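Structure below is model23.cif: mmCIF, N, CA and C atoms.
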data_run
#
loop_
_atom_site.label_atom_id
_atom_site.label_comp_id
_atom_site.auth_asym_id
_atom_site.auth_seq_id
_atom_site.Cartn_x
_atom_site.Cartn_y
_atom_site.Cartn_z
N MET A 1 94.41 123.01 49.39
CA MET A 1 94.33 122.82 47.95
C MET A 1 93.35 121.68 47.69
N LYS A 2 92.45 121.91 46.79
CA LYS A 2 91.51 120.86 46.42
C LYS A 2 92.25 119.75 45.68
N LEU A 3 91.77 118.54 45.87
CA LEU A 3 92.38 117.39 45.22
C LEU A 3 92.35 117.54 43.70
N SER A 4 91.28 118.09 43.17
CA SER A 4 91.18 118.28 41.71
C SER A 4 92.25 119.24 41.21
N THR A 5 92.56 120.27 41.99
CA THR A 5 93.62 121.21 41.61
C THR A 5 94.97 120.51 41.61
N ALA A 6 95.23 119.72 42.63
CA ALA A 6 96.48 118.97 42.70
C ALA A 6 96.62 118.03 41.51
N LYS A 7 95.55 117.36 41.17
CA LYS A 7 95.59 116.42 40.03
C LYS A 7 95.85 117.15 38.73
N THR A 8 95.29 118.34 38.57
CA THR A 8 95.55 119.14 37.36
C THR A 8 97.02 119.51 37.27
N ILE A 9 97.58 119.95 38.39
CA ILE A 9 99.01 120.32 38.41
C ILE A 9 99.88 119.10 38.14
N LEU A 10 99.55 117.97 38.76
CA LEU A 10 100.34 116.76 38.56
C LEU A 10 100.23 116.24 37.13
N LYS A 11 99.07 116.36 36.53
CA LYS A 11 98.91 115.95 35.13
C LYS A 11 99.85 116.76 34.24
N TYR A 12 99.92 118.06 34.48
CA TYR A 12 100.83 118.92 33.73
C TYR A 12 102.29 118.53 34.02
N THR A 13 102.60 118.31 35.28
CA THR A 13 103.96 118.00 35.70
C THR A 13 104.45 116.70 35.06
N LYS A 14 103.54 115.74 34.87
CA LYS A 14 103.89 114.45 34.26
C LYS A 14 104.43 114.59 32.85
N GLU A 15 104.15 115.71 32.22
CA GLU A 15 104.68 115.95 30.87
C GLU A 15 106.19 116.19 30.91
N TYR A 16 106.72 116.49 32.09
CA TYR A 16 108.13 116.88 32.22
C TYR A 16 108.95 115.97 33.13
N VAL A 17 108.31 115.29 34.05
CA VAL A 17 109.02 114.38 34.95
C VAL A 17 108.24 113.07 35.07
N ASP A 18 108.95 112.01 35.39
CA ASP A 18 108.32 110.70 35.51
C ASP A 18 107.62 110.58 36.86
N LEU A 19 106.31 110.51 36.82
CA LEU A 19 105.51 110.33 38.03
C LEU A 19 104.73 109.02 37.96
N THR A 20 105.26 108.07 37.21
CA THR A 20 104.61 106.78 37.07
C THR A 20 104.35 106.17 38.43
N GLY A 21 103.12 105.79 38.67
CA GLY A 21 102.76 105.13 39.91
C GLY A 21 102.53 106.05 41.10
N VAL A 22 102.75 107.35 40.94
CA VAL A 22 102.53 108.28 42.05
C VAL A 22 101.03 108.51 42.21
N ARG A 23 100.59 108.36 43.45
CA ARG A 23 99.18 108.59 43.77
C ARG A 23 99.06 109.84 44.63
N VAL A 24 97.91 110.45 44.56
CA VAL A 24 97.67 111.65 45.36
C VAL A 24 96.38 111.45 46.15
N ALA A 25 96.38 111.94 47.39
CA ALA A 25 95.22 111.80 48.25
C ALA A 25 95.01 113.09 49.03
N GLN A 26 93.77 113.33 49.40
CA GLN A 26 93.41 114.51 50.18
C GLN A 26 93.54 114.21 51.67
N VAL A 27 94.14 115.13 52.40
CA VAL A 27 94.18 115.07 53.86
C VAL A 27 93.67 116.40 54.40
N LYS A 28 93.50 116.49 55.70
CA LYS A 28 92.94 117.71 56.28
C LYS A 28 93.86 118.91 56.06
N ASN A 29 95.14 118.77 56.42
CA ASN A 29 96.07 119.88 56.21
C ASN A 29 97.48 119.35 56.04
N GLY A 30 98.33 120.18 55.46
CA GLY A 30 99.72 119.82 55.22
C GLY A 30 99.92 119.14 53.88
N PHE A 31 101.18 119.03 53.49
CA PHE A 31 101.59 118.34 52.28
C PHE A 31 102.66 117.34 52.68
N TYR A 32 102.55 116.11 52.19
CA TYR A 32 103.48 115.05 52.59
C TYR A 32 103.79 114.15 51.41
N TYR A 33 104.98 113.53 51.45
CA TYR A 33 105.33 112.50 50.47
C TYR A 33 105.64 111.22 51.23
N PHE A 34 105.07 110.12 50.77
CA PHE A 34 105.28 108.82 51.37
C PHE A 34 105.99 107.94 50.34
N PRO A 35 107.32 107.84 50.43
CA PRO A 35 108.08 107.14 49.39
C PRO A 35 107.70 105.68 49.20
N ALA A 36 107.45 104.95 50.26
CA ALA A 36 107.14 103.53 50.11
C ALA A 36 105.84 103.33 49.33
N GLU A 37 104.91 104.24 49.52
CA GLU A 37 103.61 104.14 48.84
C GLU A 37 103.58 104.95 47.55
N ARG A 38 104.66 105.70 47.30
CA ARG A 38 104.70 106.62 46.16
C ARG A 38 103.46 107.51 46.17
N GLY A 39 103.20 108.06 47.34
CA GLY A 39 101.99 108.85 47.52
C GLY A 39 102.27 110.26 47.98
N ILE A 40 101.47 111.17 47.50
CA ILE A 40 101.54 112.57 47.91
C ILE A 40 100.21 112.90 48.58
N ALA A 41 100.29 113.45 49.77
CA ALA A 41 99.10 113.89 50.49
C ALA A 41 98.99 115.39 50.37
N VAL A 42 97.80 115.86 50.05
CA VAL A 42 97.54 117.27 49.80
C VAL A 42 96.53 117.78 50.81
N GLY A 43 96.92 118.81 51.56
CA GLY A 43 96.04 119.36 52.58
C GLY A 43 94.96 120.24 52.00
N LEU A 44 93.74 120.03 52.47
CA LEU A 44 92.59 120.81 52.02
C LEU A 44 92.48 122.14 52.74
N GLU A 45 92.83 122.16 54.01
CA GLU A 45 92.64 123.36 54.83
C GLU A 45 93.99 123.94 55.25
N LYS A 46 93.97 125.23 55.57
CA LYS A 46 95.13 125.90 56.13
C LYS A 46 94.73 126.50 57.47
N ASP A 47 95.66 126.45 58.41
CA ASP A 47 95.41 127.09 59.69
C ASP A 47 96.38 128.26 59.86
N HIS A 48 96.35 128.89 61.01
CA HIS A 48 97.19 130.06 61.26
C HIS A 48 98.67 129.73 61.12
N GLU A 49 99.08 128.56 61.60
CA GLU A 49 100.49 128.15 61.47
C GLU A 49 100.90 128.01 60.01
N ASP A 50 100.00 127.50 59.18
CA ASP A 50 100.29 127.39 57.75
C ASP A 50 100.50 128.77 57.13
N GLU A 51 99.67 129.71 57.55
CA GLU A 51 99.79 131.08 57.04
C GLU A 51 101.15 131.68 57.41
N LEU A 52 101.55 131.48 58.67
CA LEU A 52 102.85 131.99 59.11
C LEU A 52 103.99 131.30 58.37
N TRP A 53 103.87 129.99 58.16
CA TRP A 53 104.89 129.23 57.43
C TRP A 53 105.02 129.75 56.00
N GLU A 54 103.89 130.01 55.35
CA GLU A 54 103.92 130.52 53.98
C GLU A 54 104.64 131.87 53.92
N GLU A 55 104.35 132.75 54.87
CA GLU A 55 105.04 134.04 54.90
C GLU A 55 106.54 133.86 55.07
N TRP A 56 106.93 132.96 55.96
CA TRP A 56 108.35 132.68 56.18
C TRP A 56 108.98 132.10 54.92
N MET A 57 108.29 131.17 54.28
CA MET A 57 108.83 130.51 53.09
C MET A 57 109.02 131.48 51.93
N VAL A 58 108.12 132.41 51.76
CA VAL A 58 108.27 133.40 50.69
C VAL A 58 109.61 134.12 50.85
N GLU A 59 109.93 134.53 52.08
CA GLU A 59 111.20 135.21 52.34
C GLU A 59 112.38 134.26 52.21
N TYR A 60 112.24 133.05 52.72
CA TYR A 60 113.31 132.05 52.63
C TYR A 60 113.66 131.76 51.17
N LEU A 61 112.65 131.54 50.35
CA LEU A 61 112.91 131.22 48.93
C LEU A 61 113.58 132.39 48.21
N LYS A 62 113.20 133.59 48.58
CA LYS A 62 113.82 134.78 48.00
C LYS A 62 115.29 134.87 48.40
N ASP A 63 115.57 134.64 49.67
CA ASP A 63 116.95 134.75 50.18
C ASP A 63 117.82 133.57 49.74
N GLU A 64 117.28 132.37 49.83
CA GLU A 64 118.08 131.16 49.59
C GLU A 64 118.26 130.84 48.11
N PHE A 65 117.22 131.08 47.31
CA PHE A 65 117.24 130.69 45.90
C PHE A 65 117.07 131.85 44.94
N ASP A 66 116.99 133.07 45.48
CA ASP A 66 116.73 134.25 44.65
C ASP A 66 115.48 134.03 43.80
N PHE A 67 114.46 133.47 44.44
CA PHE A 67 113.21 133.11 43.78
C PHE A 67 112.06 133.83 44.47
N GLU A 68 111.33 134.60 43.70
CA GLU A 68 110.19 135.33 44.26
C GLU A 68 108.90 134.64 43.88
N ILE A 69 108.10 134.38 44.89
CA ILE A 69 106.81 133.72 44.70
C ILE A 69 105.79 134.44 45.57
N LYS A 70 104.58 134.56 45.06
CA LYS A 70 103.51 135.16 45.85
C LYS A 70 103.01 134.16 46.87
N LYS A 71 102.60 134.68 48.00
CA LYS A 71 102.10 133.81 49.08
C LYS A 71 100.95 132.93 48.58
N GLU A 72 100.10 133.45 47.71
CA GLU A 72 98.95 132.67 47.24
C GLU A 72 99.35 131.50 46.34
N HIS A 73 100.62 131.46 45.94
CA HIS A 73 101.09 130.34 45.12
C HIS A 73 101.90 129.32 45.92
N MET A 74 101.95 129.50 47.24
CA MET A 74 102.75 128.59 48.06
C MET A 74 102.21 127.17 48.09
N GLU A 75 100.91 126.99 47.92
CA GLU A 75 100.38 125.62 47.86
C GLU A 75 100.91 124.89 46.63
N ILE A 76 101.06 125.60 45.54
CA ILE A 76 101.63 125.00 44.34
C ILE A 76 103.07 124.63 44.61
N PHE A 77 103.81 125.53 45.25
CA PHE A 77 105.18 125.21 45.64
C PHE A 77 105.22 123.96 46.52
N SER A 78 104.35 123.90 47.52
CA SER A 78 104.35 122.77 48.45
C SER A 78 104.09 121.45 47.73
N LEU A 79 103.15 121.45 46.81
CA LEU A 79 102.88 120.25 46.03
C LEU A 79 104.12 119.85 45.23
N LEU A 80 104.74 120.82 44.57
CA LEU A 80 105.92 120.51 43.76
C LEU A 80 107.13 120.15 44.62
N HIS A 81 107.19 120.65 45.83
CA HIS A 81 108.23 120.22 46.77
C HIS A 81 108.08 118.71 47.02
N GLU A 82 106.85 118.26 47.23
CA GLU A 82 106.62 116.83 47.46
C GLU A 82 106.94 116.02 46.20
N VAL A 83 106.62 116.55 45.03
CA VAL A 83 107.03 115.92 43.77
C VAL A 83 108.55 115.84 43.73
N GLY A 84 109.21 116.89 44.20
CA GLY A 84 110.67 116.91 44.24
C GLY A 84 111.23 115.77 45.07
N HIS A 85 110.59 115.44 46.18
CA HIS A 85 111.04 114.29 46.97
C HIS A 85 111.00 113.02 46.12
N HIS A 86 109.95 112.88 45.33
CA HIS A 86 109.83 111.69 44.48
C HIS A 86 110.89 111.69 43.38
N VAL A 87 111.07 112.82 42.72
CA VAL A 87 111.98 112.91 41.58
C VAL A 87 113.44 112.78 42.03
N VAL A 88 113.80 113.50 43.07
CA VAL A 88 115.19 113.51 43.55
C VAL A 88 115.53 112.22 44.29
N GLY A 89 114.57 111.67 44.99
CA GLY A 89 114.82 110.48 45.79
C GLY A 89 115.49 110.85 47.10
N ASP A 90 115.91 109.84 47.82
CA ASP A 90 116.55 110.07 49.11
C ASP A 90 117.99 110.52 48.92
N VAL A 91 118.32 111.67 49.48
CA VAL A 91 119.69 112.13 49.53
C VAL A 91 120.36 111.51 50.75
N CYS A 92 119.63 111.50 51.84
CA CYS A 92 120.10 110.89 53.09
C CYS A 92 119.44 109.52 53.22
N THR A 93 120.07 108.66 53.98
CA THR A 93 119.40 107.41 54.35
C THR A 93 118.29 107.79 55.33
N PRO A 94 117.31 106.93 55.50
CA PRO A 94 116.27 107.23 56.50
C PRO A 94 116.85 107.46 57.90
N GLU A 95 117.89 106.73 58.22
CA GLU A 95 118.52 106.91 59.54
C GLU A 95 119.17 108.29 59.65
N GLU A 96 119.88 108.70 58.59
CA GLU A 96 120.52 110.02 58.59
C GLU A 96 119.46 111.12 58.69
N TYR A 97 118.38 110.97 57.91
CA TYR A 97 117.31 111.97 57.91
C TYR A 97 116.73 112.08 59.32
N HIS A 98 116.44 110.94 59.94
CA HIS A 98 115.87 110.94 61.29
C HIS A 98 116.83 111.60 62.27
N MET A 99 118.10 111.27 62.16
CA MET A 99 119.10 111.86 63.05
C MET A 99 119.16 113.39 62.87
N LEU A 100 119.16 113.85 61.61
CA LEU A 100 119.22 115.28 61.35
C LEU A 100 117.99 116.01 61.88
N THR A 101 116.81 115.44 61.66
CA THR A 101 115.60 116.10 62.14
C THR A 101 115.57 116.15 63.66
N ASN A 102 116.12 115.15 64.31
CA ASN A 102 116.15 115.14 65.78
C ASN A 102 117.15 116.14 66.35
N GLN A 103 118.12 116.58 65.56
CA GLN A 103 119.12 117.54 66.02
C GLN A 103 118.64 118.98 65.91
N ILE A 104 117.54 119.20 65.24
CA ILE A 104 117.04 120.55 65.00
C ILE A 104 116.12 120.97 66.15
N ASP A 105 116.32 122.18 66.62
CA ASP A 105 115.42 122.71 67.64
C ASP A 105 114.03 122.85 67.03
N GLU A 106 113.02 122.49 67.81
CA GLU A 106 111.65 122.59 67.32
C GLU A 106 111.36 124.02 66.86
N GLY A 107 110.80 124.14 65.68
CA GLY A 107 110.46 125.45 65.15
C GLY A 107 111.56 126.12 64.36
N ASP A 108 112.74 125.50 64.25
CA ASP A 108 113.83 126.09 63.47
C ASP A 108 113.65 125.73 62.00
N LEU A 109 112.86 126.54 61.32
CA LEU A 109 112.52 126.26 59.93
C LEU A 109 113.73 126.29 59.01
N TYR A 110 114.64 127.22 59.25
CA TYR A 110 115.81 127.33 58.39
C TYR A 110 116.64 126.05 58.42
N GLU A 111 116.94 125.55 59.61
CA GLU A 111 117.75 124.34 59.73
C GLU A 111 117.04 123.15 59.08
N TYR A 112 115.72 123.08 59.25
CA TYR A 112 114.97 121.99 58.62
C TYR A 112 115.09 122.05 57.10
N ARG A 113 115.01 123.24 56.54
CA ARG A 113 115.10 123.39 55.08
C ARG A 113 116.50 123.05 54.58
N GLN A 114 117.49 123.04 55.45
CA GLN A 114 118.86 122.72 55.06
C GLN A 114 119.16 121.23 55.07
N ILE A 115 118.26 120.41 55.59
CA ILE A 115 118.44 118.96 55.51
C ILE A 115 118.51 118.62 54.02
N PRO A 116 119.51 117.86 53.58
CA PRO A 116 119.71 117.64 52.14
C PRO A 116 118.45 117.20 51.38
N ASP A 117 117.65 116.32 51.93
CA ASP A 117 116.43 115.89 51.23
C ASP A 117 115.47 117.06 51.04
N GLU A 118 115.31 117.87 52.08
CA GLU A 118 114.39 119.02 52.00
C GLU A 118 114.93 120.08 51.05
N TYR A 119 116.23 120.33 51.15
CA TYR A 119 116.85 121.35 50.30
C TYR A 119 116.72 120.97 48.82
N GLN A 120 116.98 119.71 48.50
CA GLN A 120 116.90 119.28 47.10
C GLN A 120 115.46 119.30 46.58
N ALA A 121 114.51 118.97 47.45
CA ALA A 121 113.10 119.05 47.05
C ALA A 121 112.70 120.51 46.81
N ASP A 122 113.17 121.41 47.68
CA ASP A 122 112.92 122.84 47.46
C ASP A 122 113.53 123.29 46.14
N LYS A 123 114.77 122.87 45.91
CA LYS A 123 115.48 123.26 44.69
C LYS A 123 114.74 122.77 43.44
N PHE A 124 114.22 121.54 43.48
CA PHE A 124 113.43 121.03 42.36
C PHE A 124 112.20 121.91 42.14
N ALA A 125 111.47 122.19 43.21
CA ALA A 125 110.24 122.98 43.08
C ALA A 125 110.52 124.37 42.53
N VAL A 126 111.59 125.00 43.01
CA VAL A 126 111.96 126.34 42.52
C VAL A 126 112.27 126.29 41.03
N LYS A 127 113.09 125.34 40.62
CA LYS A 127 113.46 125.22 39.21
C LYS A 127 112.23 124.97 38.34
N PHE A 128 111.37 124.07 38.79
CA PHE A 128 110.17 123.75 38.01
C PHE A 128 109.26 124.97 37.91
N LEU A 129 109.08 125.68 39.01
CA LEU A 129 108.21 126.85 38.98
C LEU A 129 108.80 127.99 38.16
N CYS A 130 110.11 128.13 38.16
CA CYS A 130 110.74 129.16 37.32
C CYS A 130 110.38 128.93 35.85
N GLU A 131 110.30 127.69 35.48
CA GLU A 131 110.04 127.34 34.08
C GLU A 131 108.56 127.18 33.76
N HIS A 132 107.72 126.89 34.78
CA HIS A 132 106.35 126.47 34.46
C HIS A 132 105.23 127.16 35.24
N LEU A 133 105.52 128.08 36.13
CA LEU A 133 104.46 128.67 36.95
C LEU A 133 103.36 129.31 36.11
N GLU A 134 103.75 130.09 35.12
CA GLU A 134 102.73 130.76 34.29
C GLU A 134 101.81 129.75 33.62
N ALA A 135 102.38 128.68 33.08
CA ALA A 135 101.56 127.66 32.42
C ALA A 135 100.63 126.97 33.42
N ILE A 136 101.14 126.71 34.61
CA ILE A 136 100.31 126.07 35.64
C ILE A 136 99.15 127.00 36.02
N LEU A 137 99.45 128.27 36.22
CA LEU A 137 98.38 129.21 36.59
C LEU A 137 97.32 129.33 35.51
N GLU A 138 97.71 129.19 34.26
CA GLU A 138 96.72 129.23 33.17
C GLU A 138 95.76 128.05 33.23
N LEU A 139 96.21 126.92 33.78
CA LEU A 139 95.36 125.73 33.87
C LEU A 139 94.37 125.82 35.02
N LEU A 140 94.65 126.67 35.99
CA LEU A 140 93.80 126.71 37.21
C LEU A 140 92.70 127.74 37.14
#

Rewrite the structure of this file - the entire thing - as structure tokens.
Amino acid sequence: MKLSTAKTILKYTKEYVDLTGVRVAQVKNGFYYFPAERGIAVGLEKDHEDELWEEWMVEYLKDEFDFEIKKEHMEIFSLLHEVGHHVVGDVCTPEEYHMLTNQIDEGDLYEYRQIPDEYQADKFAVKFLCEHLEAILELL
């Protein structure tokens, strides 16, 4: 996702949630939230693993949240998931989060999505997109 696209989405999102002080930066790939810096990193490129993850997430969101999203809109979901981390805050302490992530077998996407912080960020993104996806797409 281009940084300009992310900024457009975040500008719209600010009309509905408090993003005061949140900064956004471009990275090579992936989407991340850094709570101490109040920063969201937005990946410019996608690789084969990202493509597979998007396909899995489309099915996961349909099954877990009864939410249907097109694969081409998954970058918007990913950005709003990171916004969700900011809005929802920490559900787990950093120690609990670290412990939970260490208990998950590498590559077990379902278990990772069930970590309370990740689940709540997903839930935020789903709710926001249910209400605002059409408006966001009109801006892009």

- Name the residues of chain A that fall into alpha helix (DSSP H) according to DSSP on the backbone, using the chain letters and numbers of this document, as a PyMOL selection string. chain A and resi 3-13+48-65+74-88+94-103+109-113+116-139

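Of the listed residues A:Asn102, A:Glu138, A:Arg113, A:Leu80, the one whose atoms come nearest to Thr13 (chain A) is A:Leu80, with distances taken using only C-alpha atoms.
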
- Expanded to explicit residues, what is the PyMOL selection byres (((chain A and resi 21 and name CA) around 12) and name CA) for this file, as an NGL selection string? :A and (10 or 14 or 18-20 or 22-24 or 35-40 or 86)

- Message: Here's a test: counting all atoms listed in the file, identify every protein, DNA and RNA residue with an atom at most 6.5 Å from (116.6, 112.6, 55.0) in the file's coordinate frame, and state them as a ChimeraX atom specification.
- Response: /A:90-94,96-98,115-118

- Between CA of Asp66 (chain A) and CA of Ile136 (chain A) - distance in Å to one decimal: 20.4 Å

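Here CA of Lys71 (chain A) and atom C of Leu100 (chain A) stand 27.1 Å from one another.
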
Give me the residues near Glu72 (chain A) as a CSV table (one decimal) with N, CA and C atoms, in the coordinates of the input, where near means some atom within 10 Å (using only C-alpha atoms) and where sequence neighbours in that chain fewer than 2 positions away do not count.
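Produced file selection_31.csv, reproduced below:
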chain,number,residue,atom,x,y,z
A,51,GLU,N,99.7,129.7,57.6
A,51,GLU,CA,99.8,131.1,57.0
A,51,GLU,C,101.2,131.7,57.4
A,54,GLU,N,103.9,130.0,55.4
A,54,GLU,CA,103.9,130.5,54.0
A,54,GLU,C,104.6,131.9,53.9
A,55,GLU,N,104.4,132.8,54.9
A,55,GLU,CA,105.0,134.0,54.9
A,55,GLU,C,106.5,133.9,55.1
A,58,VAL,N,108.1,132.4,51.8
A,58,VAL,CA,108.3,133.4,50.7
A,58,VAL,C,109.6,134.1,50.8
A,69,ILE,N,108.1,134.4,44.9
A,69,ILE,CA,106.8,133.7,44.7
A,69,ILE,C,105.8,134.4,45.6
A,70,LYS,N,104.6,134.6,45.1
A,70,LYS,CA,103.5,135.2,45.8
A,70,LYS,C,103.0,134.2,46.9
A,74,MET,N,102.0,129.5,47.2
A,74,MET,CA,102.8,128.6,48.1
A,74,MET,C,102.2,127.2,48.1
A,75,GLU,N,100.9,127.0,47.9
A,75,GLU,CA,100.4,125.6,47.9
A,75,GLU,C,100.9,124.9,46.6
A,76,ILE,N,101.1,125.6,45.5
A,76,ILE,CA,101.6,125.0,44.3
A,76,ILE,C,103.1,124.6,44.6
A,77,PHE,N,103.8,125.5,45.2
A,77,PHE,CA,105.2,125.2,45.6
A,77,PHE,C,105.2,124.0,46.5

- Item | Top pick for closest residue to Asp122 (chain A), considering A:Glu15, A:Asp105, A:Glu45, A:Glu82 and counting all atoms listed in the file | A:Glu82

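You will find CA of Leu52 (chain A) at 27.5 Å from CA of Val87 (chain A).
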
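Using only C-alpha atoms, the smallest distance between any of A:Ser4, A:Gln114, A:Gln103, A:Gln120 and Gly89 (chain A) comes from A:Gln120.
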
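The residues of region 1-128 of chain A that DSSP assigns to strand (DSSP E or B) on this backbone come out as Arg23, Val24, Ala25, Gln26, Val27, Lys28, Asn29, Phe31, Tyr32, Tyr33, Phe34, Gly39, Ile40, Ala41, Val42, Gly43, Leu44 and Glu45 of chain A.
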
- Message: If we count only C-alpha atoms and set the cut-off at 10 Å, which residues sit around Tyr119 (chain A), ignoring sequence neighbours fewer than 6 positions away in its own chain? Please answer as JSON, numbers by chain.
- Response: {"A": [64, 81, 84, 85, 91, 111, 112, 113, 125]}

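If you apply the PyMOL selection byres ((chain A and resi 140) around 8) to this structure, you end up with A:Thr5, A:Thr8, A:Ile9, A:Ala135, A:Ile136, A:Leu137, A:Glu138, A:Leu139.
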
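Distances to Gly43 (chain A) were evaluated for A:Ala25, A:Leu61, A:Leu129, A:Val17 using only N, CA and C atoms, and the minimum falls at A:Ala25.
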